[in-house]
$ cat data00.tsv   # TSV, C-alpha atoms and all ligand atoms
chain	number	residue	atom	x	y	z
A	1	MET	CA	15.62	-24.49	14.15
A	2	ARG	CA	16.91	-24.50	17.70
A	3	LEU	CA	15.87	-21.79	20.16
A	4	GLY	CA	18.28	-20.55	22.76
A	5	ILE	CA	19.34	-17.80	25.08
A	6	ALA	CA	22.52	-15.88	25.72
A	7	GLN	CA	24.00	-16.36	29.15
A	8	LEU	CA	27.31	-16.40	30.95
A	9	LYS	CA	28.76	-19.84	31.44
A	10	GLY	CA	29.00	-21.43	34.88
A	11	GLU	CA	32.04	-23.07	36.41
A	12	SER	CA	32.53	-25.07	33.26
A	13	LEU	CA	30.86	-25.02	29.86
A	14	TYR	CA	29.34	-28.43	30.54
A	15	GLU	CA	27.75	-26.97	33.68
A	16	THR	CA	25.80	-24.60	31.41
A	17	VAL	CA	25.16	-27.03	28.60
A	18	LYS	CA	23.76	-29.86	30.70
A	19	GLY	CA	20.80	-27.69	31.65
A	20	LEU	CA	19.69	-27.44	28.01
A	21	LYS	CA	16.63	-29.19	26.65
A	22	GLU	CA	16.93	-31.42	23.61
A	23	ASN	CA	17.31	-29.62	20.29
A	24	THR	CA	18.12	-26.19	21.72
A	25	CYS	CA	21.16	-23.95	21.75
A	26	VAL	CA	22.99	-21.51	23.97
A	27	GLN	CA	25.33	-18.58	23.50
A	28	VAL	CA	28.09	-17.88	26.02
A	29	PHE	CA	31.34	-15.99	26.32
A	30	LEU	CA	34.37	-18.25	26.48
A	31	GLY	CA	35.99	-15.75	28.86
A	32	GLU	CA	35.12	-12.29	30.13
A	33	LYS	CA	32.87	-10.13	27.94
A	34	THR	CA	35.61	-7.66	27.17
A	35	SER	CA	38.79	-9.70	27.60
A	36	LEU	CA	40.70	-10.67	24.49
A	37	TYR	CA	42.46	-13.42	26.44
A	38	PRO	CA	39.95	-16.21	27.03
A	39	LYS	CA	41.08	-19.34	28.83
A	40	ASP	CA	41.02	-22.71	27.13
A	41	LEU	CA	38.30	-25.11	28.19
A	42	ALA	CA	39.54	-28.04	30.23
A	43	PRO	CA	39.89	-31.22	28.14
A	44	MET	CA	37.13	-33.06	30.04
A	45	ASP	CA	34.85	-30.03	29.71
A	46	LYS	CA	35.16	-30.28	25.94
A	47	VAL	CA	34.52	-34.03	25.96
A	48	ASN	CA	31.47	-33.79	28.23
A	49	THR	CA	30.07	-30.90	26.19
A	50	MET	CA	30.62	-32.85	22.99
A	51	ILE	CA	28.89	-35.98	24.30
A	52	PHE	CA	25.94	-33.97	25.60
A	53	CYS	CA	25.55	-31.90	22.42
A	54	ASN	CA	25.75	-34.93	20.16
A	55	LYS	CA	23.24	-36.88	22.20
A	56	ASN	CA	20.77	-34.05	22.59
A	57	CYS	CA	21.28	-32.25	19.29
A	58	CYS	CA	22.34	-29.07	21.08
A	59	LYS	CA	24.62	-26.36	19.85
A	60	VAL	CA	27.01	-23.93	21.56
A	61	TYR	CA	27.76	-20.46	20.24
A	62	PHE	CA	30.68	-18.50	21.66
A	63	HIS	CA	30.15	-14.75	21.49
A	64	SER	CA	33.51	-13.08	20.91
A	65	PRO	CA	34.41	-10.32	23.36
A	66	TYR	CA	32.97	-6.90	22.48
A	67	THR	CA	36.51	-5.56	22.25
A	68	ALA	CA	37.50	-7.93	19.43
A	69	ASN	CA	38.07	-5.96	16.25
A	70	LEU	CA	39.43	-7.70	13.17
A	71	ALA	CA	38.99	-4.54	11.11
A	72	LYS	CA	41.86	-2.60	12.61
A	73	GLU	CA	45.35	-2.37	11.15
A	74	ASN	CA	47.06	-4.64	13.63
A	75	ALA	CA	44.43	-7.08	14.81
A	76	ASP	CA	46.79	-9.75	16.19
A	77	THR	CA	45.26	-9.95	19.66
A	78	SER	CA	41.69	-10.06	18.38
A	79	PHE	CA	42.70	-12.59	15.76
A	80	SER	CA	44.31	-14.90	18.34
A	81	CYS	CA	41.22	-14.59	20.52
A	82	VAL	CA	38.86	-15.62	17.70
A	83	CYS	CA	41.14	-18.49	16.66
A	84	LYS	CA	41.18	-19.69	20.25
A	85	GLU	CA	37.37	-19.74	20.30
A	86	LEU	CA	37.27	-21.70	17.05
A	87	LYS	CA	39.77	-24.20	18.42
A	88	ASN	CA	37.86	-24.65	21.66
A	89	ALA	CA	34.57	-25.07	19.77
A	90	GLU	CA	36.02	-27.72	17.47
A	91	PRO	CA	35.20	-30.94	19.44
A	92	PHE	CA	31.49	-30.15	19.68
A	93	GLY	CA	31.08	-28.26	16.39
A	94	GLY	CA	30.39	-24.91	18.01
A	95	SER	CA	30.58	-21.49	16.45
A	96	SER	CA	32.30	-18.24	17.21
A	97	VAL	CA	30.01	-15.22	16.73
A	98	LEU	CA	31.87	-12.03	16.07
A	99	HIS	CA	30.91	-8.40	15.56
A	100	ILE	CA	32.41	-7.47	12.19
A	101	GLY	CA	34.45	-4.65	13.70
A	102	ASN	CA	34.88	-0.91	13.44
A	103	ASN	CA	37.00	1.34	11.32
A	104	GLY	CA	37.83	3.82	14.08
A	105	LYS	CA	41.59	3.94	13.71
A	106	GLY	CA	42.22	3.37	10.06
A	107	GLY	CA	40.52	-0.01	10.05
A	108	SER	CA	38.62	-1.50	7.14
A	109	ILE	CA	36.28	-4.31	6.29
A	110	GLN	CA	38.96	-5.70	3.97
A	111	ASN	CA	41.11	-6.37	7.03
A	112	VAL	CA	38.32	-8.57	8.40
A	113	SER	CA	38.23	-10.62	5.20
A	114	LYS	CA	42.03	-10.97	5.37
A	115	CYS	CA	41.83	-12.28	8.94
A	116	VAL	CA	39.22	-14.85	7.89
A	117	ASN	CA	41.50	-16.02	5.06
A	118	GLN	CA	44.39	-16.19	7.51
A	119	ALA	CA	42.33	-18.26	9.97
A	120	ARG	CA	41.66	-20.73	7.18
A	121	GLU	CA	45.33	-20.87	6.13
A	122	GLN	CA	46.22	-21.68	9.72
A	123	GLY	CA	43.70	-24.52	9.86
A	124	TYR	CA	41.12	-22.98	12.19
A	125	LEU	CA	38.29	-23.28	9.67
A	126	SER	CA	38.94	-26.71	8.25
A	127	GLY	CA	37.16	-28.70	10.94
A	128	LYS	CA	33.76	-28.63	12.59
A	129	SER	CA	33.73	-25.16	14.11
A	130	THR	CA	32.32	-22.20	12.23
A	131	LEU	CA	32.83	-18.46	12.27
A	132	LEU	CA	29.75	-16.25	12.12
A	133	LEU	CA	30.09	-12.55	11.39
A	134	GLU	CA	27.33	-10.44	12.88
A	135	ASN	CA	25.70	-7.48	11.13
A	136	ALA	CA	25.92	-4.18	13.00
A	137	ALA	CA	23.50	-1.52	14.21
A	138	GLY	CA	25.86	1.06	12.75
A	139	GLN	CA	26.69	2.79	16.00
A	140	GLY	CA	29.78	5.00	15.74
A	141	ASN	CA	32.25	3.47	13.31
A	142	GLU	CA	30.78	-0.02	13.31
A	143	LEU	CA	31.16	-2.02	10.11
A	144	GLY	CA	28.66	-4.48	8.67
A	145	LYS	CA	25.64	-2.21	8.85
A	146	SER	CA	24.55	-2.50	5.21
A	147	LEU	CA	24.21	-5.10	2.48
A	148	GLU	CA	26.95	-3.27	0.61
A	149	GLU	CA	29.41	-3.74	3.48
A	150	ILE	CA	28.45	-7.38	3.86
A	151	ARG	CA	29.03	-7.81	0.15
A	152	LEU	CA	32.50	-6.24	0.44
A	153	LEU	CA	33.32	-8.45	3.40
A	154	PHE	CA	32.38	-11.69	1.63
A	155	GLU	CA	33.97	-10.64	-1.65
A	156	GLY	CA	37.31	-10.61	0.16
A	157	ILE	CA	36.88	-14.06	1.70
A	158	ASP	CA	38.51	-16.68	-0.53
A	159	ASN	CA	36.54	-19.66	0.73
A	160	THR	CA	33.32	-19.33	2.70
A	161	GLU	CA	33.10	-22.88	3.93
A	162	ASN	CA	32.48	-22.79	7.70
A	163	VAL	CA	31.97	-19.02	7.51
A	164	GLY	CA	28.56	-17.39	7.70
A	165	ILE	CA	26.50	-14.49	8.95
A	166	CYS	CA	24.72	-14.04	12.25
A	167	LEU	CA	21.75	-11.81	11.55
A	168	ASP	CA	20.79	-9.65	14.51
A	169	THR	CA	17.24	-8.34	14.06
A	170	GLN	CA	17.73	-5.30	16.29
A	171	HIS	CA	20.88	-4.37	14.39
A	172	SER	CA	19.09	-4.78	11.03
A	173	PHE	CA	16.32	-2.48	12.24
A	174	ALA	CA	18.60	0.12	13.79
A	175	SER	CA	20.91	0.24	10.78
A	176	GLY	CA	18.00	0.75	8.40
A	177	MET	CA	18.58	-2.58	6.62
A	178	CYS	CA	15.06	-3.80	7.35
A	179	ASP	CA	11.99	-2.11	8.86
A	180	PHE	CA	10.17	-5.42	9.51
A	181	SER	CA	6.94	-3.79	8.36
A	182	SER	CA	5.79	-6.80	6.36
A	183	HIS	CA	6.44	-10.40	5.36
A	184	GLU	CA	8.04	-9.10	2.16
A	185	SER	CA	10.52	-6.90	4.05
A	186	VAL	CA	11.87	-9.94	5.91
A	187	VAL	CA	12.07	-12.10	2.80
A	188	LYS	CA	13.88	-9.31	0.96
A	189	MET	CA	16.45	-8.93	3.76
A	190	PHE	CA	17.15	-12.66	3.84
A	191	GLU	CA	17.45	-12.92	0.08
A	192	GLY	CA	19.82	-9.94	0.08
A	193	ILE	CA	22.12	-11.38	2.74
A	194	ARG	CA	21.99	-14.98	1.56
A	195	ALA	CA	23.27	-13.85	-1.81
A	196	TYR	CA	26.63	-13.33	-0.06
A	197	GLY	CA	26.77	-15.83	2.77
A	198	LYS	CA	24.94	-18.49	4.73
A	199	VAL	CA	22.83	-17.45	7.71
A	200	PRO	CA	22.84	-20.26	10.30
A	201	LEU	CA	21.96	-18.02	13.25
A	202	VAL	CA	19.56	-15.18	14.03
A	203	HIS	CA	19.89	-13.01	17.12
A	204	ILE	CA	16.26	-12.39	17.86
A	205	ASN	CA	15.93	-9.06	19.62
A	206	ASP	CA	13.34	-6.32	19.57
A	207	SER	CA	14.50	-2.70	19.59
A	208	GLU	CA	14.39	-0.05	22.28
A	209	LYS	CA	15.13	2.59	19.64
A	210	GLU	CA	13.41	3.64	16.43
A	211	TYR	CA	14.07	2.38	12.93
A	212	ASN	CA	17.34	3.72	11.47
A	213	SER	CA	18.44	5.07	14.88
A	214	ARG	CA	21.92	3.53	14.58
A	215	LYS	CA	21.65	2.61	18.26
A	216	ASP	CA	22.42	-0.88	19.54
A	217	ARG	CA	19.70	-1.24	22.21
A	218	HIS	CA	17.93	-4.58	22.55
A	219	GLN	CA	14.41	-4.98	23.90
A	220	VAL	CA	12.28	-7.99	24.83
A	221	VAL	CA	10.55	-9.46	21.76
A	222	GLY	CA	7.12	-7.86	21.34
A	223	GLU	CA	7.91	-4.93	23.62
A	224	GLY	CA	9.94	-2.71	21.32
A	225	TYR	CA	9.69	-0.68	18.13
A	226	ILE	CA	9.90	-3.73	15.87
A	227	TRP	CA	7.12	-6.02	17.10
A	228	GLY	CA	5.46	-3.99	19.86
A	229	LYS	CA	2.38	-3.34	17.72
A	230	ASP	CA	2.34	-6.00	15.03
A	231	LYS	CA	3.96	-9.43	15.00
A	232	THR	CA	3.27	-10.30	11.35
A	233	SER	CA	6.91	-10.06	10.30
A	234	LEU	CA	7.97	-12.00	13.39
A	235	GLU	CA	5.83	-14.90	12.17
A	236	SER	CA	7.55	-14.64	8.79
A	237	LEU	CA	10.94	-14.68	10.46
A	238	VAL	CA	10.15	-17.73	12.62
A	239	SER	CA	8.74	-19.50	9.60
A	240	ILE	CA	11.91	-18.80	7.55
A	241	CYS	CA	14.14	-19.97	10.40
A	242	ASP	CA	12.12	-23.17	10.70
A	243	GLN	CA	12.27	-23.77	6.97
A	244	TYR	CA	16.02	-23.25	6.66
A	245	GLU	CA	16.96	-24.70	10.08
A	246	ILE	CA	18.34	-21.40	11.33
A	247	ASP	CA	18.92	-21.23	15.08
A	248	MET	CA	17.54	-18.30	17.07
A	249	VAL	CA	19.18	-16.85	20.16
A	250	SER	CA	17.63	-14.13	22.30
A	251	GLU	CA	19.95	-11.48	23.71
A	252	THR	CA	17.41	-9.43	25.64
A	253	LYS	CA	16.88	-8.86	29.34
A	254	ASP	CA	14.13	-11.48	29.45
A	255	PRO	CA	15.27	-14.27	27.14
A	256	LEU	CA	13.02	-16.89	28.73
A	257	LYS	CA	9.97	-14.79	27.89
A	258	ASP	CA	11.27	-14.51	24.33
A	259	ILE	CA	11.59	-18.28	24.07
A	260	ILE	CA	7.96	-18.65	25.18
A	261	THR	CA	6.83	-16.02	22.64
A	262	LEU	CA	8.73	-17.74	19.84
A	263	GLY	CA	7.47	-21.17	20.86
A	264	GLU	CA	3.87	-19.91	20.70
A	265	ILE	CA	4.46	-18.46	17.24
A	266	ARG	CA	5.91	-21.76	16.07
A	267	LYS	CA	2.83	-23.60	17.31
A	268	LYS	CA	0.55	-21.10	15.59
A	269	ILE	CA	2.42	-21.47	12.29
A	270	ALA	CA	2.36	-25.27	12.51
A	271	LYS	CA	-1.44	-25.23	12.83
A	272	GLU	CA	-1.96	-22.99	9.80
B	1	ZN	ZN	23.61	-9.83	18.55
$ encode --input "data00.tsv" --output "structure tokens" --more "lines below"
Ligand SMILES: [Zn+2]
Amino acid sequence: MRLGIAQLKGESLYETVKGLKENTCVQVFLGEKTSLYPKDLAPMDKVNTMIFCNKNCCKVYFHSPYTANLAKENADTSFSCVCKELKNAEPFGGSSVLHIGNNGKGGSIQNVSKCVNQAREQGYLSGKSTLLLENAAGQGNELGKSLEEIRLLFEGIDNTENVGICLDTQHSFASGMCDFSSHESVVKMFEGIRAYGKVPLVHINDSEKEYNSRKDRHQVVGEGYIWGKDKTSLESLVSICDQYEIDMVSETKDPLKDIITLGEIRKKIAKE
């Protein structure tokens, strides 16, 4: 398991990556948070990032822009954007993390599966980069908020090699997928999702809103509705991520505090 934070990249990707400690990860936007037209990384930036990541066992996740939506009828621009991320991530085996989409204007989860199949046909998923589809809080018309929708999504994907799920804990809580009330609740959620796809990454966020609120509002780990009172299920989660080598990235307003919290839990588990 590698711990990491979400941040914007500096001048170059390597500028961001070279500050990482050994065996950690980072999540960045390849371009602007909402722009579907990210720029390509400079060739030397890719090489330097690759050398650093290989040497230090680090990993880079690209978060796709929030405006990317593979679920809509004509998703050409979003599709090109995601393919560009996969291509840029290729030299250093990075991943593109994508919100599954929303069905606002006649979109559907089947369209997302089709796009994934298309990306494979065009060679974007045959190398070292991977595509991770993130579960949703269920705000508005967001797709990927239930096990049923995740099942539908993966049923339509012909080949799931280099395709997986990014499990966001706040989204799971807000969508009503998991209440994190016990060790068993976490195990059940993982078993449910892993029946359909691999989970190489967890977005570790507490929640500013109540269970089943359908609101996408992240909070610092241990300060929200999920783990504010009891961290038992957080220990279970960290233990599962350690066991299955699942990376954890914090997307809260104080990610460094989250990394400390998670590090302390890891130490506690190791002693037990
Ligand atoms: Zn997330």
$ closest_atom_pairs --input "data00.tsv" --of "chain A" --to "ligand ZN 1 (chain B)" --cutoff "7 Å" --atoms "all atoms listed in the file" --output "Markdown table"
| residue | atom | partner | partner_atom | distance |
| --- | --- | --- | --- | --- |
| A:Glu134 | CA | B:ZN1 | ZN | 6.8 |
| A:Asp168 | CA | B:ZN1 | ZN | 4.9 |
| A:His203 | CA | B:ZN1 | ZN | 5.1 |
| A:Glu251 | CA | B:ZN1 | ZN | 6.5 |
$ residues_around --input "data00.tsv" --residues "segment 86-96 of chain A" --least-positions-apart "5" --cutoff "8 Å" --atoms "all atoms listed in the file" --output "list in words"
Asp40, Leu41, Lys46, Val47, Thr49, Met50, Ile51, Cys53, Asn54, Lys59, Val60, Tyr61, Phe62, His63, Ser64, Tyr124, Leu125, Gly127, Lys128, Ser129, Thr130, Leu131 and Leu132 of chain A
$ atom_distance --input "data00.tsv" --atom1 "atom CA of Asp216 of chain A" --atom2 "atom CA of Ser175 of chain A"
9.0 Å
$ atom_distance --input "data00.tsv" --atom1 "atom CA of Ile193 of chain A" --atom2 "atom CA of Val116 of chain A"
18.2 Å
$ closest_residue --input "data00.tsv" --among "A:Asp258, A:Glu22, A:Glu15, A:Glu161" --to "Glu223 of chain A" --atoms "all atoms listed in the file"
A:Asp258
$ residues_around --input "data00.tsv" --residues "Thr34 of chain A" --least-positions-apart "3" --cutoff "12 Å" --atoms "only C-alpha atoms" --output "list in words"
Phe29, Leu30, Gly31, Tyr37, Pro38, His63, Ser64, Pro65, Tyr66, Thr67, Ala68, Asn69, Ser78 and Cys81 of chain A
$ atom_distance --input "data00.tsv" --atom1 "atom CA of Gly4 of chain A" --atom2 "atom CA of Ala119 of chain A"
27.3 Å
$ residues_around --input "data00.tsv" --residues "Ile204 of chain A" --least-positions-apart "3" --cutoff "8 Å" --atoms "only C-alpha atoms" --output "PyMOL selection string"
chain A and resi 168-170+221+248-251
$ residues_near_point --input "data00.tsv" --point "(17.7, 5.1, 7.9)" --cutoff "8 Å" --atoms "all atoms listed in the file" --output "PyMOL selection string"
chain A and resi 174-177+211-213
$ closest_residue --input "data00.tsv" --among "A:Asp45, A:Glu142, A:Asp179, A:Asp158" --to "Leu234 of chain A" --atoms "all atoms listed in the file"
A:Asp179
$ closest_residue --input "data00.tsv" --among "A:His171, A:Ile150, A:Asp242, A:Gly106" --to "Gln219 of chain A" --atoms "all atoms listed in the file"
A:His171
$ residues_near_point --input "data00.tsv" --point "(10.6, -16.5, 25.5)" --cutoff "12 Å" --atoms "all atoms listed in the file" --output "PyMOL selection string"
chain A and resi 3-6+204-205+220-222+248-266
$ residues_around --input "data00.tsv" --residues "Asn111 of chain A" --least-positions-apart "4" --cutoff "10 Å" --atoms "all atoms listed in the file" --output "ChimeraX atom specification"
/A:69-75,101,103,107,115-117,153,156
$ residues_around --input "data00.tsv" --residues "Ile157 of chain A" --least-positions-apart "5" --cutoff "10 Å" --atoms "only C-alpha atoms" --output "PDB file with C-alpha atoms, keeping the file's coordinate frame"
ATOM      1  CA  GLN A 110      38.960  -5.700   3.970  1.00  0.00           C
ATOM      2  CA  VAL A 112      38.320  -8.570   8.400  1.00  0.00           C
ATOM      3  CA  SER A 113      38.230 -10.620   5.200  1.00  0.00           C
ATOM      4  CA  LYS A 114      42.030 -10.970   5.370  1.00  0.00           C
ATOM      5  CA  CYS A 115      41.830 -12.280   8.940  1.00  0.00           C
ATOM      6  CA  VAL A 116      39.220 -14.850   7.890  1.00  0.00           C
ATOM      7  CA  ASN A 117      41.500 -16.020   5.060  1.00  0.00           C
ATOM      8  CA  GLN A 118      44.390 -16.190   7.510  1.00  0.00           C
ATOM      9  CA  ARG A 120      41.660 -20.730   7.180  1.00  0.00           C
ATOM     10  CA  LEU A 152      32.500  -6.240   0.440  1.00  0.00           C
ATOM     11  CA  VAL A 163      31.970 -19.020   7.510  1.00  0.00           C
TER      12      VAL A 163
END
$ closest_residue --input "data00.tsv" --among "A:Ser233, A:Gln243, A:Ser185, A:Gln139" --to "Lys215 of chain A" --atoms "all atoms listed in the file"
A:Gln139
$ closest_residue --input "data00.tsv" --among "A:Thr24, A:Asn162, A:Ser146, A:Thr16" --to "Lys198 of chain A" --atoms "only C-alpha atoms"
A:Asn162
$ closest_residue --input "data00.tsv" --among "A:Phe79, A:Gly144, A:Gly10, A:Phe173" --to "Ser108 of chain A" --atoms "only C-alpha atoms"
A:Gly144
